[in-house]
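Pasted below: final-v7.csv, CSV, C-alpha atoms and all ligand atoms.
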```
chain,number,residue,atom,x,y,z
A,1,MET,CA,-12.5,-80.4,86.9
A,2,LYS,CA,-12.8,-78.9,90.4
A,3,ASN,CA,-14.5,-81.9,92.0
A,4,THR,CA,-12.8,-84.6,89.9
A,5,PRO,CA,-10.7,-86.8,92.3
A,6,LYS,CA,-7.1,-87.3,91.5
A,7,TYR,CA,-6.0,-90.7,90.2
A,8,GLY,CA,-4.0,-91.5,93.3
A,9,ASP,CA,-7.0,-90.9,95.5
A,10,GLU,CA,-8.9,-93.8,93.9
A,11,ILE,CA,-6.6,-96.4,92.4
A,12,ASP,CA,-3.2,-97.5,93.5
A,13,ARG,CA,0.0,-96.4,91.7
A,14,TRP,CA,0.5,-99.8,90.0
A,15,GLU,CA,-2.8,-99.6,88.2
A,16,GLU,CA,-2.3,-96.0,87.2
A,17,THR,CA,1.2,-96.9,85.9
A,18,MET,CA,-0.1,-99.9,83.9
A,19,TYR,CA,-3.0,-97.7,82.6
A,20,LEU,CA,-0.4,-95.3,81.3
A,21,TYR,CA,1.6,-98.0,79.5
A,22,GLU,CA,-1.6,-99.5,78.1
A,23,SER,CA,-2.6,-96.1,76.7
A,24,ALA,CA,0.9,-95.5,75.2
A,25,LEU,CA,0.6,-99.0,73.6
A,26,LYS,CA,-2.7,-98.1,72.0
A,27,THR,CA,-1.4,-94.8,70.7
A,28,MET,CA,1.7,-96.4,69.2
A,29,THR,CA,-0.3,-99.3,67.6
A,30,MET,CA,-2.7,-96.8,66.1
A,31,LYS,CA,0.2,-94.7,64.8
A,32,ALA,CA,1.7,-97.8,63.1
A,33,GLU,CA,-1.7,-98.7,61.6
A,34,MET,CA,-2.0,-95.2,60.2
A,35,MET,CA,1.5,-95.3,58.7
A,36,ASN,CA,0.5,-98.4,56.9
A,37,ASP,CA,-2.8,-96.8,55.7
A,38,GLU,CA,-1.0,-93.8,54.4
A,39,PHE,CA,1.3,-96.1,52.4
A,40,VAL,CA,-1.7,-97.9,50.9
A,41,HIS,CA,-3.4,-94.6,50.1
A,42,ARG,CA,-0.3,-93.0,48.5
A,43,TYR,CA,1.5,-95.9,46.9
A,44,ARG,CA,-1.0,-98.8,46.8
A,45,TYR,CA,1.5,-100.8,48.9
A,46,ASN,CA,1.4,-102.0,52.5
A,47,PRO,CA,4.8,-102.3,54.1
A,48,ILE,CA,3.4,-103.7,57.3
A,49,GLU,CA,2.3,-107.3,57.3
A,50,HIS,CA,0.9,-107.2,60.9
A,51,ILE,CA,1.3,-105.5,64.3
A,52,LYS,CA,1.5,-107.2,67.6
A,53,SER,CA,1.5,-105.5,71.0
A,54,ARG,CA,1.9,-106.7,74.6
A,55,LEU,CA,2.1,-105.3,78.1
A,56,LYS,CA,4.8,-107.0,80.2
A,57,SER,CA,3.2,-109.2,82.9
A,58,ALA,CA,3.8,-108.4,86.5
A,59,ASP,CA,5.8,-111.6,86.8
A,60,SER,CA,8.1,-110.7,84.0
A,61,ILE,CA,8.6,-107.2,85.3
A,62,VAL,CA,9.6,-108.5,88.7
A,63,ARG,CA,11.9,-111.2,87.2
A,64,LYS,CA,13.7,-108.7,85.0
A,65,LEU,CA,14.2,-106.1,87.8
A,66,LYS,CA,15.6,-108.8,90.0
A,67,GLN,CA,17.7,-110.3,87.2
A,68,ASP,CA,19.3,-106.8,86.6
A,69,GLY,CA,19.9,-106.3,90.3
A,70,TYR,CA,17.2,-103.7,91.1
A,71,ASP,CA,14.7,-103.5,93.9
A,72,VAL,CA,11.2,-104.2,92.8
A,73,THR,CA,9.6,-100.7,93.0
A,74,ILE,CA,7.4,-98.8,90.7
A,75,GLU,CA,10.1,-96.1,90.5
A,76,ASN,CA,12.6,-98.7,89.2
A,77,MET,CA,10.0,-100.2,86.9
A,78,ASN,CA,9.6,-96.8,85.2
A,79,THR,CA,13.2,-95.8,85.1
A,80,LYS,CA,15.1,-99.1,84.6
A,81,LEU,CA,12.9,-101.0,82.2
A,82,SER,CA,12.1,-99.9,78.7
A,83,ASP,CA,9.9,-102.6,77.4
A,84,ILE,CA,6.9,-102.7,79.7
A,85,ALA,CA,4.9,-101.5,76.7
A,86,GLY,CA,6.0,-103.4,73.6
A,87,VAL,CA,4.9,-103.0,70.0
A,88,ARG,CA,6.1,-105.4,67.3
A,89,ILE,CA,5.8,-104.3,63.7
A,90,ILE,CA,6.3,-107.0,61.1
A,91,CYS,CA,7.3,-105.8,57.7
A,92,SER,CA,7.4,-107.5,54.3
A,93,PHE,CA,11.0,-106.5,53.4
A,94,THR,CA,14.1,-105.3,55.2
A,95,SER,CA,13.9,-102.0,53.3
A,96,ASP,CA,10.4,-101.4,54.7
A,97,ILE,CA,11.8,-101.8,58.2
A,98,TYR,CA,14.1,-98.7,57.9
A,99,GLN,CA,11.3,-96.7,56.1
A,100,ILE,CA,8.9,-97.4,59.0
A,101,ALA,CA,11.6,-96.5,61.5
A,102,GLU,CA,12.1,-93.2,59.7
A,103,MET,CA,8.4,-92.5,59.8
A,104,ILE,CA,8.3,-93.1,63.5
A,105,ARG,CA,11.4,-90.8,64.0
A,106,GLY,CA,9.6,-88.1,62.0
A,107,GLN,CA,6.5,-88.0,64.3
A,108,GLU,CA,6.6,-84.7,66.2
A,109,ASP,CA,5.2,-86.1,69.5
A,110,ILE,CA,7.6,-89.0,69.5
A,111,THR,CA,11.1,-88.8,71.1
A,112,VAL,CA,13.5,-91.6,70.2
A,113,LEU,CA,15.4,-92.4,73.4
A,114,TYR,CA,17.8,-95.0,71.9
A,115,VAL,CA,18.0,-97.5,69.0
A,116,LYS,CA,19.5,-101.0,68.9
A,117,ASP,CA,20.0,-102.1,65.3
A,118,TYR,CA,20.3,-105.9,65.4
A,119,ILE,CA,19.8,-106.0,61.7
A,120,ARG,CA,23.1,-104.3,60.8
A,121,HIS,CA,24.6,-105.8,64.0
A,122,PRO,CA,23.0,-109.2,64.6
A,123,LYS,CA,23.4,-111.0,67.9
A,124,PRO,CA,25.9,-113.9,67.9
A,125,ASN,CA,23.0,-116.4,68.1
A,126,GLY,CA,21.6,-114.9,64.8
A,127,TYR,CA,18.8,-112.7,66.3
A,128,LYS,CA,17.9,-109.9,63.9
A,129,SER,CA,15.5,-107.0,64.6
A,130,TYR,CA,15.4,-103.2,64.7
A,131,HIS,CA,14.6,-101.9,68.2
A,132,MET,CA,13.6,-98.4,69.1
A,133,VAL,CA,12.9,-97.2,72.6
A,134,ILE,CA,10.7,-94.2,72.2
A,135,SER,CA,8.7,-91.9,74.5
A,136,LEU,CA,5.3,-90.5,73.6
A,137,PRO,CA,2.8,-88.4,75.5
A,138,VAL,CA,-0.4,-89.7,77.2
A,139,TYR,CA,-2.9,-87.0,78.1
A,140,LEU,CA,-4.7,-87.4,81.4
A,141,SER,CA,-7.2,-85.1,83.0
A,142,ASP,CA,-4.4,-83.7,85.2
A,143,GLY,CA,-1.8,-83.3,82.5
A,144,ARG,CA,0.6,-84.9,80.1
A,145,LYS,CA,2.7,-87.9,81.0
A,146,ASP,CA,5.6,-89.1,78.7
A,147,VAL,CA,5.6,-92.9,78.5
A,148,LYS,CA,8.3,-95.3,77.2
A,149,VAL,CA,7.4,-97.9,74.5
A,150,GLU,CA,9.8,-100.4,73.0
A,151,VAL,CA,9.1,-100.8,69.2
A,152,GLN,CA,10.6,-103.9,67.5
A,153,ILE,CA,10.5,-103.7,63.8
A,154,ARG,CA,11.4,-106.9,61.8
A,155,SER,CA,10.7,-108.9,58.7
A,156,VAL,CA,8.3,-111.9,58.5
A,157,GLY,CA,11.4,-114.1,58.3
A,158,MET,CA,13.1,-112.5,61.3
A,159,ASP,CA,9.9,-112.8,63.3
A,160,PHE,CA,9.4,-116.4,62.4
A,161,TRP,CA,13.0,-117.2,63.5
A,162,ALA,CA,12.8,-115.2,66.8
A,163,SER,CA,9.4,-116.8,67.8
A,164,LEU,CA,10.7,-120.3,67.3
A,165,GLU,CA,14.1,-119.6,68.9
A,166,HIS,CA,12.4,-118.1,71.9
A,167,LYS,CA,10.2,-121.2,72.3
A,168,ILE,CA,13.0,-123.6,71.8
A,169,THR,CA,15.6,-121.9,74.0
A,170,TYR,CA,13.0,-121.0,76.7
A,171,LYS,CA,12.7,-124.8,77.4
A,172,PHE,CA,16.4,-125.0,78.3
A,173,GLU,CA,16.4,-121.9,80.5
A,174,GLY,CA,19.6,-120.6,79.0
A,175,CYS,CA,21.4,-124.0,78.9
A,176,ALA,CA,20.5,-125.2,75.4
A,177,PRO,CA,22.9,-127.8,73.9
A,178,LYS,CA,25.6,-126.3,71.7
A,179,ALA,CA,24.6,-128.3,68.6
A,180,LEU,CA,21.0,-127.0,68.9
A,181,LEU,CA,22.3,-123.4,69.1
A,182,GLN,CA,24.5,-124.0,66.0
A,183,ASP,CA,21.5,-125.3,64.2
A,184,LEU,CA,19.5,-122.3,65.2
A,185,LYS,CA,22.2,-120.0,63.9
A,186,ALA,CA,22.2,-121.9,60.6
A,187,CYS,CA,18.5,-121.4,60.4
A,188,ALA,CA,19.0,-117.7,61.0
A,189,ASP,CA,21.4,-117.6,58.1
A,190,ILE,CA,18.9,-119.4,55.9
A,191,VAL,CA,16.2,-116.9,56.9
A,192,ASP,CA,18.6,-114.1,56.1
A,193,MET,CA,19.2,-115.5,52.7
A,194,LEU,CA,15.5,-115.9,52.1
A,195,ASP,CA,14.9,-112.3,53.1
A,196,ASN,CA,17.5,-111.1,50.7
A,197,LYS,CA,16.2,-113.2,47.8
A,198,MET,CA,12.6,-112.0,48.5
A,199,TYR,CA,13.9,-108.4,48.6
A,200,PHE,CA,15.6,-108.7,45.2
A,201,LEU,CA,12.7,-110.6,43.7
A,202,ASN,CA,10.3,-107.8,44.8
A,203,GLU,CA,12.7,-105.2,43.4
A,204,ALA,CA,12.7,-107.0,40.0
A,205,ILE,CA,8.9,-107.2,40.0
A,206,LEU,CA,8.6,-103.5,40.8
A,207,ALA,CA,11.0,-102.7,38.0
A,208,ILE,CA,9.0,-104.8,35.5
A,209,ALA,CA,5.8,-103.2,36.7
A,210,GLU,CA,7.3,-99.7,36.3
A,211,GLU,CA,8.5,-100.5,32.8
A,212,GLN,CA,5.1,-101.8,31.8
A,213,LYS,CA,3.4,-98.7,33.2
A,214,ARG,CA,5.8,-96.4,31.3
A,215,ALA,CA,5.3,-98.4,28.0
A,216,LYS,CA,1.5,-98.2,28.4
A,217,GLU,CA,1.7,-94.4,29.1
A,218,GLN,CA,3.9,-94.0,26.0
A,219,GLU,CA,1.4,-96.0,23.9
A,220,GLU,CA,-1.5,-93.9,25.2
A,221,CYS,CA,0.4,-90.7,24.5
A,222,GLU,CA,1.2,-91.8,20.9
A,223,SER,CA,-2.4,-92.9,20.1
A,224,THR,CA,-3.6,-89.5,21.5
A,225,GLU,CA,-1.1,-87.7,19.2
A,226,GLU,CA,-2.3,-89.7,16.2
A,227,GLU,CA,-5.9,-89.1,17.0
A,228,ALA,CA,-5.2,-85.4,17.4
A,229,LYS,CA,-3.5,-85.4,13.9
A,230,GLU,CA,-6.5,-87.2,12.3
A,231,ASN,CA,-8.9,-84.7,14.0
A,232,GLU,CA,-6.8,-81.8,12.7
A,233,ILE,CA,-7.1,-83.2,9.1
A,234,LYS,CA,-10.8,-83.8,9.5
A,235,VAL,CA,-11.3,-80.2,10.8
A,236,LYS,CA,-9.2,-78.8,7.9
A,237,GLU,CA,-11.2,-80.8,5.3
A,238,ALA,CA,-14.4,-79.8,6.8
A,239,GLY,CA,-13.2,-76.2,6.8
A,240,GLU,CA,-12.3,-76.3,3.1
A,241,LYS,CA,-15.6,-77.8,2.1
A,242,GLU,CA,-17.4,-75.2,4.1
A,243,THR,CA,-15.4,-72.4,2.4
A,244,LYS,CA,-16.2,-73.8,-1.0
A,245,GLU,CA,-19.9,-73.9,-0.2
A,246,GLU,CA,-19.7,-70.5,1.4
A,247,PHE,CA,-18.0,-69.2,-1.7
A,248,ARG,CA,-20.7,-70.7,-4.0
A,249,GLU,CA,-23.4,-69.3,-1.7
A,250,LYS,CA,-21.7,-65.9,-1.7
A,251,GLY,CA,-21.4,-66.0,-5.5
A,252,THR,CA,-25.1,-66.9,-5.8
A,253,LYS,CA,-26.1,-63.9,-3.6
A,254,GLU,CA,-23.7,-61.3,-5.0
A,255,ASN,CA,-23.6,-62.1,-8.8
A,256,GLY,CA,-27.0,-63.6,-9.3
A,257,TYR,CA,-25.2,-66.9,-10.0
A,258,ASN,CA,-27.9,-69.5,-9.9
A,259,GLU,CA,-28.4,-73.3,-10.3
A,260,ILE,CA,-28.9,-72.9,-14.1
A,261,GLN,CA,-25.5,-71.3,-14.3
A,262,ASP,CA,-24.2,-74.2,-12.2
A,263,ASN,CA,-25.5,-76.6,-14.8
A,264,GLU,CA,-23.9,-74.5,-17.5
A,265,ILE,CA,-20.5,-75.0,-15.8
A,266,GLN,CA,-21.1,-78.7,-15.7
A,267,ASP,CA,-22.1,-78.7,-19.5
A,268,ASN,CA,-18.8,-76.8,-20.3
A,269,GLU,CA,-16.8,-79.3,-18.3
A,270,ILE,CA,-18.4,-82.2,-20.3
A,271,GLN,CA,-17.7,-80.4,-23.6
A,272,GLU,CA,-14.1,-79.8,-22.6
A,273,ASN,CA,-13.7,-83.5,-21.8
A,274,GLU,CA,-15.2,-84.5,-25.2
A,275,ILE,CA,-12.7,-82.2,-27.0
A,276,GLN,CA,-9.9,-83.7,-25.0
A,277,GLU,CA,-11.0,-87.3,-25.9
A,278,ASN,CA,-11.3,-86.3,-29.6
A,279,LYS,CA,-7.8,-85.0,-29.5
A,280,ILE,CA,-6.5,-88.3,-28.1
A,281,GLN,CA,-8.3,-90.2,-30.8
A,282,GLU,CA,-6.9,-88.0,-33.6
A,283,ASN,CA,-3.4,-88.4,-32.2
A,284,LYS,CA,-3.8,-92.2,-32.2
A,285,ILE,CA,-5.0,-92.2,-35.8
A,286,GLN,CA,-2.0,-90.0,-36.7
A,287,GLU,CA,0.4,-92.4,-35.0
A,288,ASN,CA,-1.2,-95.5,-36.8
A,289,ARG,CA,-0.8,-93.7,-40.2
A,290,THR,CA,2.9,-92.9,-39.5
A,291,GLU,CA,3.6,-96.6,-38.5
A,292,GLY,CA,1.7,-97.8,-41.6
A,301,LIG,P1,10.0,-110.6,75.9
A,301,LIG,O1,9.2,-111.8,76.5
A,301,LIG,O2,9.9,-110.6,74.4
A,301,LIG,O3,9.6,-109.3,76.5
A,301,LIG,P2,16.9,-103.2,77.4
A,301,LIG,O4,15.5,-103.7,77.4
A,301,LIG,O5,17.3,-102.4,76.2
A,301,LIG,O6,17.3,-102.6,78.7
A,301,LIG,P3,17.5,-105.9,76.8
A,301,LIG,O7,16.4,-106.6,77.5
A,301,LIG,O8,18.8,-106.7,76.7
A,301,LIG,O9,17.8,-104.5,77.4
A,301,LIG,O10,17.1,-105.4,75.4
A,301,LIG,P4,17.2,-106.1,74.0
A,301,LIG,O11,18.4,-106.8,73.7
A,301,LIG,O12,16.8,-105.0,73.0
A,301,LIG,O13,16.0,-107.2,74.0
A,301,LIG,C1,14.7,-106.9,74.3
A,301,LIG,C2,13.8,-107.8,73.6
A,301,LIG,O14,14.2,-108.2,72.3
A,301,LIG,C3,13.6,-109.1,74.4
A,301,LIG,O15,12.7,-109.0,75.4
A,301,LIG,C4,13.1,-110.0,73.2
A,301,LIG,O16,11.7,-109.8,73.0
A,301,LIG,C5,13.9,-109.5,72.1
A,301,LIG,N1,15.2,-110.3,72.0
A,301,LIG,C6,16.4,-109.8,72.2
A,301,LIG,N2,17.3,-110.8,72.0
A,301,LIG,C7,16.6,-111.9,71.6
A,301,LIG,C8,17.0,-113.2,71.2
A,301,LIG,O17,18.2,-113.6,71.2
A,301,LIG,N3,16.1,-114.1,70.8
A,301,LIG,C9,14.7,-113.7,70.8
A,301,LIG,N4,13.9,-114.6,70.4
A,301,LIG,N5,14.3,-112.5,71.2
A,301,LIG,C10,15.3,-111.6,71.6
A,301,LIG,P5,12.6,-109.9,76.6
A,301,LIG,O18,12.3,-109.1,77.8
A,301,LIG,O19,13.9,-110.7,76.7
A,301,LIG,O20,11.5,-110.9,76.3
```

Can you present the structure in this file as structure tokens?
Ligand code: 0O2
Amino acid sequence: MKNTPKYGDEIDRWEETMYLYESALKTMTMKAEMMNDEFVHRYRYNPIEHIKSRLKSADSIVRKLKQDGYDVTIENMNTKLSDIAGVRIICSFTSDIYQIAEMIRGQEDITVLYVKDYIRHPKPNGYKSYHMVISLPVYLSDGRKDVKVEVQIRSVGMDFWASLEHKITYKFEGCAPKALLQDLKACADIVDMLDNKMYFLNEAILAIAEEQKRAKEQEECESTEEEAKENEIKVKEAGEKETKEEFREKGTKENGYNEIQDNEIQDNEIQENEIQENKIQENKIQENRTEG
């Protein structure tokens, strides 16, 4: 690294600064993608619908600094603005938003500088979103730099409303007619209701799926138990049969018991049966006589 020129020697500070923000943006986007991948891998569920990222344009940076009463300098740009690098994470449900925020908070190399919860505390115009301004490290050849990134986490519904609201109100440069603003607020309330309905619908679907999974597991468990019992009986029967055969074989070997003797036993059994039948016949004749 001895002959490597320092950044300031080759490119101006603006480009270096923007390079840092761009790197931080890539890192944060990748982190969000990996969080989603982990969810899919662990729970077969993706809480993130999509991720958008943007670097604030030079025009917007200058406008915002002027608007807030600051001189347009790189120093002020780094210290007074928090959203030069912005990542927007669009989630399926409101509950996913807080889960993703927790996961971001839990990352060791991320420092949460401040949070603005416009979901629990919506803006008067109806704007809802969860904002986190974080700082994460970017590693350069001459060391580590901590860079600010604004992360906006919101639902599909909230994003739909904010995009259209931005487009509509932008045209009026802050002087939109009151009726239009009221309509936009009414739309925000509808979006809110839809978000809630979708959330409860999803909860109900998950509960049904969980119940079905449990029932299937129970069924499988019961059939395995039944199978085990059947197998036990089969094993027992096979064992008894084997013991009888072993006994017979043993007898053959030890006592000179042979097939001829086997036949003799069968003959005895037949004779015993005949005697039994004769007795039954005699009893019947006796009964008939008594009746007569
Ligand atoms: P763009 O073009 O999206 O970048 P801070 O940044 O915390 O010092 P600020 O700017 O008041 O102060 O922060 P805030 O309130 O968190 O808003 C930052 C961003 O949130 C905005 O950036 C918008 O993207 C979004 N936002 C905030 N309020 C609204 C709103 O009422 N409607 C819509 N559609 N978006 C909103 P920029 O720089 O304004 O715009």

For Ile84 (chain A), list every protein, DNA or RNA residue within 8 Å, evaluated using all atoms listed in the file, and leave out those in the same chain fewer than 3 positions away; present the list as a PyMOL selection string.
chain A and resi 21+55-56+61+81+148-150

Considering all atoms listed in the file, give me a table of residues in chain A that are at most 7 Å from ligand LIG 301 (chain A), with the closest atom pair and distance in Å for each, as a Markdown table.
```
| residue | atom | partner | partner_atom | distance |
| --- | --- | --- | --- | --- |
| A:Lys56 | CA | A:LIG301 | O3 | 6.5 |
| A:Leu81 | CA | A:LIG301 | O6 | 5.8 |
| A:Ser82 | CA | A:LIG301 | O4 | 5.3 |
| A:Asp83 | CA | A:LIG301 | O4 | 5.7 |
| A:Lys116 | CA | A:LIG301 | O12 | 6.3 |
| A:Lys123 | CA | A:LIG301 | O17 | 6.7 |
| A:Asn125 | CA | A:LIG301 | O17 | 6.4 |
| A:Tyr127 | CA | A:LIG301 | O17 | 5.0 |
| A:His131 | CA | A:LIG301 | O12 | 6.1 |
| A:Ala162 | CA | A:LIG301 | N4 | 3.8 |
| A:Ser163 | CA | A:LIG301 | N4 | 5.6 |
| A:Glu165 | CA | A:LIG301 | N4 | 5.2 |
| A:His166 | CA | A:LIG301 | N4 | 4.1 |
```

For region 104-111 of chain A, find every residue with an atom within 8 Å (counting all atoms listed in the file), except residues of its own chain fewer than 2 positions away, and show them as a VMD selection string.
chain A and resid 100 to 102 113 134 to 137

Go ahead and write the residues just picked, C-alpha atoms, as a short mmCIF file (atom, residue, chain, number, x, y, z; two decimals), keeping the file's coordinate frame.
```cif
data_model
loop_
_atom_site.label_atom_id
_atom_site.label_comp_id
_atom_site.auth_asym_id
_atom_site.auth_seq_id
_atom_site.Cartn_x
_atom_site.Cartn_y
_atom_site.Cartn_z
CA ILE A 100 8.90 -97.40 59.00
CA ALA A 101 11.60 -96.50 61.50
CA GLU A 102 12.10 -93.20 59.70
CA LEU A 113 15.40 -92.40 73.40
CA ILE A 134 10.70 -94.20 72.20
CA SER A 135 8.70 -91.90 74.50
CA LEU A 136 5.30 -90.50 73.60
CA PRO A 137 2.80 -88.40 75.50
#
```

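The two atoms in question, CA of Glu225 (chain A) and CA of Glu237 (chain A), are spaced 18.5 Å apart.
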
Closest to Arg88 (chain A) among A:Met103, A:Thr27, A:Ile119, A:Val151, using all atoms listed in the file?
A:Val151

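If you look at CA of Glu75 (chain A) and CA of Glu15 (chain A), they are 13.6 Å away from each other.
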
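Among the candidates A:Met28, A:Val87, A:Met18, A:Ala179, the one nearest to Ala58 (chain A) when counting only C-alpha atoms is A:Met18.
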
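Taking CA of Asp59 (chain A) and CA of Lys167 (chain A) as the two end points, the separation is 17.9 Å.
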
Write out as a PyMOL selection string which residues come within 12 Å of Ile153 (chain A) when counting only C-alpha atoms, dropping same-chain ones fewer than 3 positions away.
chain A and resi 32+47-53+86-102+104+115-119+128-133+150+156-159

Could you check which of A:Ala24, A:Gly174, A:Pro124, A:Phe160 is closest to Ile190 (chain A), using only C-alpha atoms?
A:Phe160

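Excluding Lys178 (chain A) itself and same-chain residues fewer than 6 positions from it, the residues having an atom within 12 Å of it are Asn125, Thr169, Phe172, Leu184 and Lys185 of chain A, counting all atoms listed in the file.
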
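Remark: for Val112 (chain A), the closest of the candidate residues A:Ala186, A:Met35, A:Leu140, A:Val147 is A:Val147 (distances computed over only C-alpha atoms).
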
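The nearest approach to Trp14 (chain A) among the residues A:Trp161, A:Glu269, A:Thr29, A:Thr73, with only C-alpha atoms taken into account, belongs to A:Thr73.
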